[in-house]
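J.: So here's model.cif (mmCIF, C-alpha atoms).
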data_input
#
loop_
_atom_site.label_atom_id
_atom_site.label_comp_id
_atom_site.auth_asym_id
_atom_site.auth_seq_id
_atom_site.Cartn_x
_atom_site.Cartn_y
_atom_site.Cartn_z
CA MET A 1 -32.50 -16.88 -37.58
CA GLU A 2 -34.08 -14.94 -40.43
CA GLU A 3 -37.66 -16.20 -40.81
CA LYS A 4 -40.15 -14.79 -43.25
CA SER A 5 -43.58 -14.03 -41.89
CA ASP A 6 -46.57 -14.83 -44.08
CA ALA A 7 -50.19 -15.82 -43.78
CA SER A 8 -49.36 -19.46 -43.11
CA GLY A 9 -46.80 -18.81 -40.40
CA HIS A 10 -43.05 -18.46 -40.32
CA VAL A 11 -40.92 -20.00 -43.03
CA PRO A 12 -37.36 -20.80 -41.90
CA VAL A 13 -34.38 -20.25 -44.16
CA LEU A 14 -32.94 -23.15 -46.21
CA LEU A 15 -35.35 -25.60 -44.58
CA PRO A 16 -35.04 -28.49 -47.09
CA GLU A 17 -31.26 -28.20 -46.98
CA VAL A 18 -31.18 -28.21 -43.17
CA LEU A 19 -33.38 -31.30 -43.03
CA GLU A 20 -31.26 -33.10 -45.63
CA LEU A 21 -28.11 -32.40 -43.64
CA LEU A 22 -29.51 -33.32 -40.20
CA GLN A 23 -31.39 -36.44 -41.40
CA PRO A 24 -33.99 -36.40 -38.59
CA GLY A 25 -35.92 -39.31 -40.10
CA ARG A 26 -33.61 -41.73 -38.29
CA GLY A 27 -34.88 -40.42 -34.93
CA GLY A 28 -32.99 -39.38 -31.83
CA ILE A 29 -32.41 -36.24 -29.78
CA PHE A 30 -31.92 -33.04 -31.75
CA VAL A 31 -31.04 -29.58 -30.45
CA ASP A 32 -32.25 -26.32 -31.94
CA ALA A 33 -29.84 -24.06 -30.10
CA THR A 34 -31.41 -20.82 -31.36
CA LEU A 35 -35.09 -21.76 -31.42
CA GLY A 36 -36.56 -18.47 -32.60
CA LEU A 37 -40.16 -18.99 -33.64
CA GLY A 38 -39.66 -22.75 -34.00
CA GLY A 39 -39.89 -23.18 -37.77
CA HIS A 40 -36.88 -25.48 -38.12
CA ALA A 41 -37.82 -27.26 -34.87
CA GLU A 42 -41.34 -27.99 -36.10
CA ALA A 43 -40.02 -29.50 -39.33
CA LEU A 44 -37.56 -31.68 -37.40
CA LEU A 45 -40.31 -32.97 -35.14
CA ASP A 46 -42.62 -33.59 -38.09
CA SER A 47 -39.95 -35.80 -39.66
CA GLY A 48 -40.75 -38.73 -37.39
CA ALA A 49 -42.35 -39.82 -34.14
CA GLU A 50 -38.94 -40.89 -32.81
CA VAL A 51 -37.55 -37.35 -32.90
CA ARG A 52 -37.11 -35.55 -29.59
CA LEU A 53 -36.10 -31.92 -29.49
CA VAL A 54 -34.34 -29.59 -27.08
CA GLY A 55 -35.08 -25.97 -28.00
CA ILE A 56 -32.98 -23.14 -26.56
CA ASP A 57 -33.55 -19.40 -26.85
CA ARG A 58 -32.69 -16.35 -24.76
CA ASP A 59 -35.68 -14.31 -25.98
CA PRO A 60 -38.71 -14.89 -23.71
CA ASP A 61 -41.12 -13.66 -26.41
CA ALA A 62 -39.73 -16.10 -28.99
CA LEU A 63 -39.74 -18.95 -26.48
CA ALA A 64 -43.41 -18.34 -25.66
CA LEU A 65 -44.45 -18.21 -29.32
CA ALA A 66 -42.40 -21.30 -30.19
CA GLY A 67 -43.95 -23.09 -27.22
CA GLU A 68 -47.41 -22.49 -28.65
CA ARG A 69 -46.29 -23.66 -32.07
CA LEU A 70 -44.71 -26.87 -30.75
CA ALA A 71 -47.30 -27.69 -28.09
CA ARG A 72 -48.82 -30.44 -30.23
CA PHE A 73 -45.64 -32.50 -29.87
CA GLY A 74 -46.10 -32.79 -26.12
CA SER A 75 -43.32 -34.48 -24.15
CA ARG A 76 -41.14 -34.84 -27.23
CA VAL A 77 -40.15 -31.18 -26.77
CA SER A 78 -38.06 -29.60 -24.00
CA LEU A 79 -37.80 -25.80 -24.15
CA VAL A 80 -35.09 -24.00 -22.21
CA ALA A 81 -34.52 -20.29 -21.63
CA GLY A 82 -30.82 -19.68 -22.17
CA ARG A 83 -28.00 -18.88 -24.55
CA HIS A 84 -26.67 -21.32 -27.12
CA GLU A 85 -23.16 -21.00 -25.71
CA ASP A 86 -24.45 -22.60 -22.50
CA LEU A 87 -25.29 -25.77 -24.44
CA ALA A 88 -23.14 -28.11 -22.32
CA GLU A 89 -24.66 -26.93 -19.04
CA ILE A 90 -28.18 -27.10 -20.46
CA LEU A 91 -27.75 -30.66 -21.73
CA ASP A 92 -26.19 -31.71 -18.42
CA GLY A 93 -29.22 -30.27 -16.62
CA LEU A 94 -31.50 -32.37 -18.81
CA GLY A 95 -29.40 -35.50 -18.32
CA VAL A 96 -28.47 -35.66 -22.02
CA ALA A 97 -24.94 -36.87 -22.73
CA ARG A 98 -25.03 -37.19 -26.53
CA VAL A 99 -27.29 -35.82 -29.24
CA ASP A 100 -28.11 -36.87 -32.78
CA GLY A 101 -27.96 -33.46 -34.40
CA VAL A 102 -27.56 -29.77 -33.56
CA LEU A 103 -28.80 -26.71 -35.43
CA ALA A 104 -27.77 -23.13 -34.77
CA ASP A 105 -29.57 -20.44 -36.77
CA LEU A 106 -27.60 -17.38 -35.78
CA GLY A 107 -28.55 -13.72 -35.88
CA VAL A 108 -31.82 -11.92 -35.35
CA SER A 109 -35.31 -13.25 -36.08
CA SER A 110 -38.05 -11.61 -38.09
CA MET A 111 -40.16 -11.31 -34.96
CA GLN A 112 -37.44 -9.18 -33.37
CA LEU A 113 -36.95 -7.09 -36.51
CA ASP A 114 -40.65 -6.57 -37.13
CA ARG A 115 -41.58 -5.42 -33.62
CA ALA A 116 -40.74 -1.73 -33.41
CA GLU A 117 -40.66 -1.79 -29.61
CA ARG A 118 -37.70 -4.20 -29.70
CA GLY A 119 -35.52 -1.58 -31.40
CA PHE A 120 -33.62 -3.88 -33.77
CA SER A 121 -34.51 -2.24 -37.08
CA PHE A 122 -33.74 1.27 -38.28
CA MET A 123 -36.73 0.90 -40.61
CA ARG A 124 -39.16 1.11 -37.67
CA PRO A 125 -39.22 4.02 -35.20
CA GLY A 126 -38.89 2.80 -31.65
CA PRO A 127 -36.65 2.70 -28.58
CA LEU A 128 -33.01 1.86 -29.25
CA ASP A 129 -33.10 -1.39 -27.28
CA MET A 130 -31.88 -4.49 -29.25
CA ARG A 131 -31.71 -6.81 -26.21
CA MET A 132 -32.61 -10.37 -27.20
CA SER A 133 -33.04 -11.46 -23.61
CA ARG A 134 -34.83 -8.29 -22.47
CA ALA A 135 -32.16 -8.01 -19.74
CA GLY A 136 -28.83 -6.22 -19.33
CA ARG A 137 -27.52 -3.14 -21.10
CA SER A 138 -29.45 -1.90 -24.10
CA ALA A 139 -28.04 -0.45 -27.31
CA SER A 140 -28.96 3.05 -26.10
CA ASP A 141 -26.91 2.40 -22.95
CA LEU A 142 -23.87 1.65 -25.11
CA VAL A 143 -24.43 4.75 -27.23
CA ARG A 144 -24.80 6.84 -24.07
CA ASP A 145 -21.93 5.44 -21.99
CA GLU A 146 -19.10 4.21 -24.21
CA ASP A 147 -16.28 6.58 -25.14
CA ARG A 148 -15.41 7.48 -28.70
CA ASP A 149 -12.66 4.86 -29.07
CA GLU A 150 -14.91 2.03 -27.90
CA LEU A 151 -17.77 3.08 -30.16
CA GLU A 152 -15.36 3.26 -33.09
CA ARG A 153 -14.09 -0.24 -32.24
CA ILE A 154 -17.64 -1.61 -32.09
CA PHE A 155 -18.62 -0.10 -35.45
CA TRP A 156 -15.40 -1.22 -37.14
CA GLU A 157 -15.01 -4.66 -35.57
CA TYR A 158 -18.65 -5.78 -35.57
CA GLY A 159 -19.99 -3.77 -38.51
CA GLU A 160 -16.88 -3.43 -40.69
CA GLU A 161 -17.94 0.18 -41.12
CA PRO A 162 -15.19 2.20 -42.92
CA MET A 163 -16.48 5.49 -41.46
CA ALA A 164 -16.57 4.16 -37.89
CA GLY A 165 -14.41 6.96 -36.51
CA LYS A 166 -16.50 9.75 -38.00
CA ILE A 167 -19.76 8.19 -36.79
CA ALA A 168 -18.36 7.67 -33.27
CA ARG A 169 -17.16 11.27 -33.06
CA LEU A 170 -20.55 12.61 -34.12
CA ILE A 171 -22.36 10.43 -31.58
CA VAL A 172 -20.15 11.68 -28.76
CA GLU A 173 -20.73 15.27 -29.88
CA LYS A 174 -24.51 15.02 -30.29
CA ARG A 175 -25.23 13.08 -27.10
CA LYS A 176 -24.00 16.04 -25.05
CA GLY A 177 -27.13 17.95 -26.06
CA ALA A 178 -29.76 15.18 -26.00
CA PRO A 179 -29.82 11.40 -25.54
CA ILE A 180 -29.71 9.19 -28.63
CA ASP A 181 -32.26 6.63 -27.55
CA THR A 182 -34.46 5.94 -30.59
CA THR A 183 -33.85 3.97 -33.77
CA ASP A 184 -34.78 6.82 -36.08
CA GLY A 185 -32.64 9.23 -34.04
CA LEU A 186 -29.55 7.06 -34.49
CA ARG A 187 -30.30 6.47 -38.15
CA SER A 188 -30.57 10.23 -38.79
CA LEU A 189 -27.27 10.77 -37.03
CA VAL A 190 -25.55 8.06 -39.11
CA HIS A 191 -26.92 9.64 -42.29
CA ALA A 192 -25.55 13.00 -41.16
CA ALA A 193 -22.10 11.44 -40.81
CA VAL A 194 -22.29 9.24 -43.92
CA PRO A 195 -24.82 10.45 -46.50
CA ARG A 196 -26.67 7.60 -48.20
CA ARG A 197 -25.82 7.06 -51.87
CA PRO A 198 -28.45 5.79 -54.34
CA GLY A 199 -28.13 2.09 -55.03
CA LYS A 200 -25.81 1.51 -52.08
CA ILE A 201 -26.49 -0.20 -48.78
CA ASP A 202 -27.93 2.12 -46.14
CA PRO A 203 -24.94 3.07 -43.92
CA ALA A 204 -27.14 2.54 -40.86
CA THR A 205 -27.20 -1.20 -41.70
CA ARG A 206 -23.64 -1.79 -40.52
CA VAL A 207 -23.97 0.45 -37.47
CA PHE A 208 -27.16 -1.27 -36.29
CA GLN A 209 -25.60 -4.70 -36.87
CA ALA A 210 -22.56 -3.71 -34.84
CA LEU A 211 -24.62 -2.36 -31.94
CA ARG A 212 -26.81 -5.47 -31.92
CA ILE A 213 -23.79 -7.78 -31.79
CA ALA A 214 -22.18 -5.73 -29.01
CA THR A 215 -25.41 -5.46 -27.01
CA ASN A 216 -26.02 -9.21 -27.09
CA GLN A 217 -22.37 -10.30 -27.10
CA GLU A 218 -23.25 -12.52 -30.02
CA LEU A 219 -19.70 -13.51 -30.98
CA THR A 220 -18.30 -13.89 -27.47
CA GLY A 221 -19.28 -17.50 -26.88
CA LEU A 222 -19.73 -18.75 -30.45
CA THR A 223 -16.51 -20.77 -30.56
CA ARG A 224 -17.30 -22.35 -27.18
CA PHE A 225 -20.75 -23.31 -28.41
CA LEU A 226 -19.36 -24.90 -31.58
CA ASP A 227 -16.74 -26.85 -29.62
CA ASP A 228 -19.32 -28.09 -27.09
CA ALA A 229 -21.83 -29.01 -29.79
CA ILE A 230 -19.22 -31.03 -31.66
CA GLU A 231 -18.20 -32.77 -28.44
CA ARG A 232 -21.81 -33.84 -27.79
CA LEU A 233 -22.50 -35.32 -31.23
CA SER A 234 -23.07 -39.07 -31.41
CA LEU A 235 -21.35 -41.09 -34.12
CA GLY A 236 -22.70 -40.19 -37.56
CA SER A 237 -24.47 -37.05 -36.32
CA ARG A 238 -24.05 -33.52 -37.60
CA LEU A 239 -23.84 -29.92 -36.45
CA THR A 240 -25.37 -27.44 -38.92
CA VAL A 241 -24.94 -23.68 -38.63
CA LEU A 242 -26.71 -20.87 -40.46
CA SER A 243 -24.87 -17.55 -40.34
CA TYR A 244 -25.82 -14.21 -41.86
CA HIS A 245 -22.65 -12.13 -41.93
CA SER A 246 -18.96 -12.69 -42.50
CA LEU A 247 -17.98 -12.34 -38.83
CA GLU A 248 -20.11 -15.32 -37.78
CA ASP A 249 -19.28 -17.37 -40.84
CA ARG A 250 -15.53 -16.83 -40.37
CA ILE A 251 -15.69 -18.22 -36.83
CA VAL A 252 -17.72 -21.23 -37.99
CA LYS A 253 -15.38 -21.92 -40.90
CA ARG A 254 -12.23 -21.71 -38.78
CA THR A 255 -13.68 -23.86 -35.98
CA PHE A 256 -14.77 -26.54 -38.42
CA ALA A 257 -11.32 -26.47 -40.07
CA ARG A 258 -9.65 -26.91 -36.67
CA HIS A 259 -11.80 -29.91 -35.80
CA THR A 260 -11.19 -31.61 -39.15
CA ALA A 261 -7.44 -31.03 -39.27
CA VAL A 262 -5.34 -34.21 -39.40
CA CYS A 263 -2.38 -32.64 -37.59
CA THR A 264 -2.22 -29.75 -35.15
CA CYS A 265 1.58 -29.55 -34.81
CA PRO A 266 3.17 -26.14 -35.50
CA PRO A 267 4.47 -25.75 -39.08
CA SER A 268 8.02 -25.49 -37.72
CA PHE A 269 7.98 -29.10 -36.49
CA PRO A 270 9.93 -31.40 -38.84
CA ALA A 271 7.47 -34.26 -38.24
CA CYS A 272 4.08 -34.84 -36.66
CA VAL A 273 4.20 -35.60 -32.94
CA CYS A 274 0.58 -34.97 -32.00
CA ALA A 275 -0.67 -38.35 -33.28
CA ARG A 276 -4.06 -36.72 -33.77
CA LYS A 277 -6.90 -38.95 -34.86
CA ARG A 278 -9.41 -37.21 -37.07
CA VAL A 279 -12.94 -37.89 -35.83
CA MET A 280 -14.81 -35.07 -37.63
CA ALA A 281 -15.38 -34.48 -41.33
CA LEU A 282 -16.66 -31.49 -43.28
CA VAL A 283 -20.00 -32.13 -44.95
CA THR A 284 -20.07 -28.76 -46.74
CA ARG A 285 -16.71 -27.70 -48.14
CA GLN A 286 -18.37 -24.52 -49.40
CA PRO A 287 -21.33 -22.89 -47.67
CA ILE A 288 -24.79 -23.62 -49.04
CA ARG A 289 -26.58 -20.45 -50.14
CA PRO A 290 -30.30 -19.85 -50.73
CA SER A 291 -31.57 -20.13 -54.28
CA ASP A 292 -32.71 -17.12 -56.26
CA GLU A 293 -36.26 -18.39 -55.83
CA GLU A 294 -35.97 -18.47 -52.03
CA VAL A 295 -34.41 -15.00 -51.94
CA SER A 296 -37.22 -13.65 -54.11
CA LYS A 297 -39.78 -15.05 -51.66
CA ASN A 298 -37.81 -14.11 -48.56
CA PRO A 299 -35.30 -11.27 -49.18
CA ARG A 300 -33.98 -11.57 -45.61
CA SER A 301 -32.50 -14.95 -46.53
CA ARG A 302 -30.15 -13.45 -49.12
CA SER A 303 -27.06 -13.37 -46.87
CA ALA A 304 -27.53 -16.84 -45.34
CA ARG A 305 -24.66 -19.34 -45.36
CA LEU A 306 -25.16 -22.93 -44.21
CA ARG A 307 -22.26 -25.14 -43.09
CA ALA A 308 -22.23 -28.63 -41.58
CA ILE A 309 -19.76 -30.98 -39.89
CA GLU A 310 -20.19 -34.68 -39.00
CA ARG A 311 -18.75 -36.96 -36.33
CA THR A 312 -17.11 -39.88 -38.11
CA GLY A 313 -15.22 -41.43 -35.19
CA GLU A 314 -14.90 -41.46 -31.43
CA GLY A 315 -12.20 -39.65 -29.51
#
Any chance you could give the structure as structure tokens?

T.:
Amino acid sequence: MEEKSDASGHVPVLLPEVLELLQPGRGGIFVDATLGLGGHAEALLDSGAEVRLVGIDRDPDALALAGERLARFGSRVSLVAGRHEDLAEILDGLGVARVDGVLADLGVSSMQLDRAERGFSFMRPGPLDMRMSRAGRSASDLVRDEDRDELERIFWEYGEEPMAGKIARLIVEKRKGAPIDTTDGLRSLVHAAVPRRPGKIDPATRVFQALRIATNQELTGLTRFLDDAIERLSLGSRLTVLSYHSLEDRIVKRTFARHTAVCTCPPSFPACVCARKRVMALVTRQPIRPSDEEVSKNPRSRSARLRAIERTGEG
């Protein structure tokens, strides 16, 4: 969901590639399951008068801004406050059985990163919040309440931070004296545990990513969303997913591989007994990455990976 902000608006990542994969010019119902500021959605709707769009987002601020951006499309747009993993329930509520394309642009948006009061970025002093939905436990609640083992698990599992144990121990020690409830406070603590080396990634990057994922439970329902989105695709339609770190991309890759497998029998079986009919096909055998030109214009796009899968049969 990394969108660059400039004078003309918000430029979504890999936009031409997304449009080429989804082929909205043929019309139909498309779902932007992580609407953000509506950049991809606007381009889909601009592709033809026969395009209808369902936009889903859990962030009320993003939903309001996207609503303003897409207002000119009138009844062709349905905006829903919710999580992408609730796709099946949302479509049922709208009376939509099948769709003609689904996009999920995972991660955090520029609007969330750029607003200091949202607490997503260690580059901007603010409250340690990180809640996309503005509800539930904040990142500072996790830092305050979780024990050392759980904090270490979060930093290692969601941030792949090699010094997770040391950082967790220091947090538990320091929070006894004063709460760690600001972005710059946590960043300073991380730097105390893992000094930053010139030319290397800021160690706070992985810690903040891990806390954001844990706060918003970003990986919890991803597989369910992918399965439900694939189930809802009409014949010849595609699901496209933009991910921004290896944890998301690994789930997408494995789910796509499972749905395109010819046989699901255990390797120990001497012969296939599942009689599985393959109804999905990979469109992108390797993820599409942004060009050097796009990265130079929008550095936040540098880690993007785009994958797509298509329904080729019924069943």

J.: For the provided coordinates, the residues matched by the PyMOL selection byres ((chain A and resi 61-63) around 9) should be stated as a PyMOL selection string.

T.: chain A and resi 35-38+55-60+64-68+79-81+109+111-112+133

J.: Measuring atom to atom with all atoms listed in the file, identify which of A:Phe208, A:Thr34, A:Thr215, A:Arg285 is nearest to Arg134 of chain A.

T.: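 Among the listed residues, the smallest separation from Arg134 of chain A belongs to A:Thr215.
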
J.: Return as JSON the centre and edge lengths, in Å with one decimal, of the box along x, y and z that encloses every atom of segment 235-249 of chain A in the file, padded by 4 Å per side.

T.:
{"center_x": -22.3, "center_y": -26.6, "center_z": -38.3, "size_x": 16.7, "size_y": 37.0, "size_z": 16.4}

J.: Name every residue that the PyMOL selection byres ((chain A and resi 287-300) around 8) selects in this structure, writing the answer as a list in words with chains first and numbers rising.

T.: Glu2, Glu3, Lys4, Val13, Leu14, Thr284, Arg285, Gln286, Ser301, Arg302, Ser303, Ala304, Arg305, Leu306 and Arg307 of chain A

J.: Could you make a table, as a tab-separated table, of the residues of segment 26-113 of chain A that have an atom within 12 Å of an atom of segment 251-275 of chain A, each with its nearest atom pair and distance in Å to one decimal, counting all atoms listed in the file, in chain and number order?

T.:
residue	atom	partner	partner_atom	distance
A:Ala104	CA	A:Val252	CA	10.7
A:Asp105	CA	A:Val252	CA	11.9
A:Leu106	CA	A:Val252	CA	10.8

J.: What is the distance between atom CA of Glu146 of chain A and atom CA of Gly221 of chain A, in Å to one decimal?

T.: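 Computed distance, atom CA of Glu146 of chain A to atom CA of Gly221 of chain A, equals 21.9 Å.
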
J.: One decimal, in Å: what's the spacing between atom CA of Phe155 of chain A and atom CA of Val207 of chain A?

T.: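 Here the two named atoms are 5.7 Å from each other.
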
J.: Could you tell me which of A:Ser110, A:Asp100, A:Arg232, A:Phe73 comes closest to Phe30 of chain A if we count all atoms listed in the file?

T.: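 The closest residue to Phe30 of chain A is A:Asp100.
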
J.: Just to confirm, what's the straight-line distance from atom CA of Asp86 of chain A to atom CA of Thr205 of chain A in Å (one decimal)?

T.: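 So the answer is 28.9 Å.
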
J.: Name the closest residue to Glu152 of chain A among the candidates A:Ala214, A:Arg124, A:Asp184, A:Leu22; distances are taken between atoms, counting only C-alpha atoms.

T.: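 The closest residue to Glu152 of chain A is A:Ala214.
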
J.: Quick check on the file I pasted: which residues fall under the PyMOL selection byres ((chain A and resi 27) around 8)? Write them as an NGL selection string.

T.: :A and (24-26 or 28-29 or 48-52 or 100)
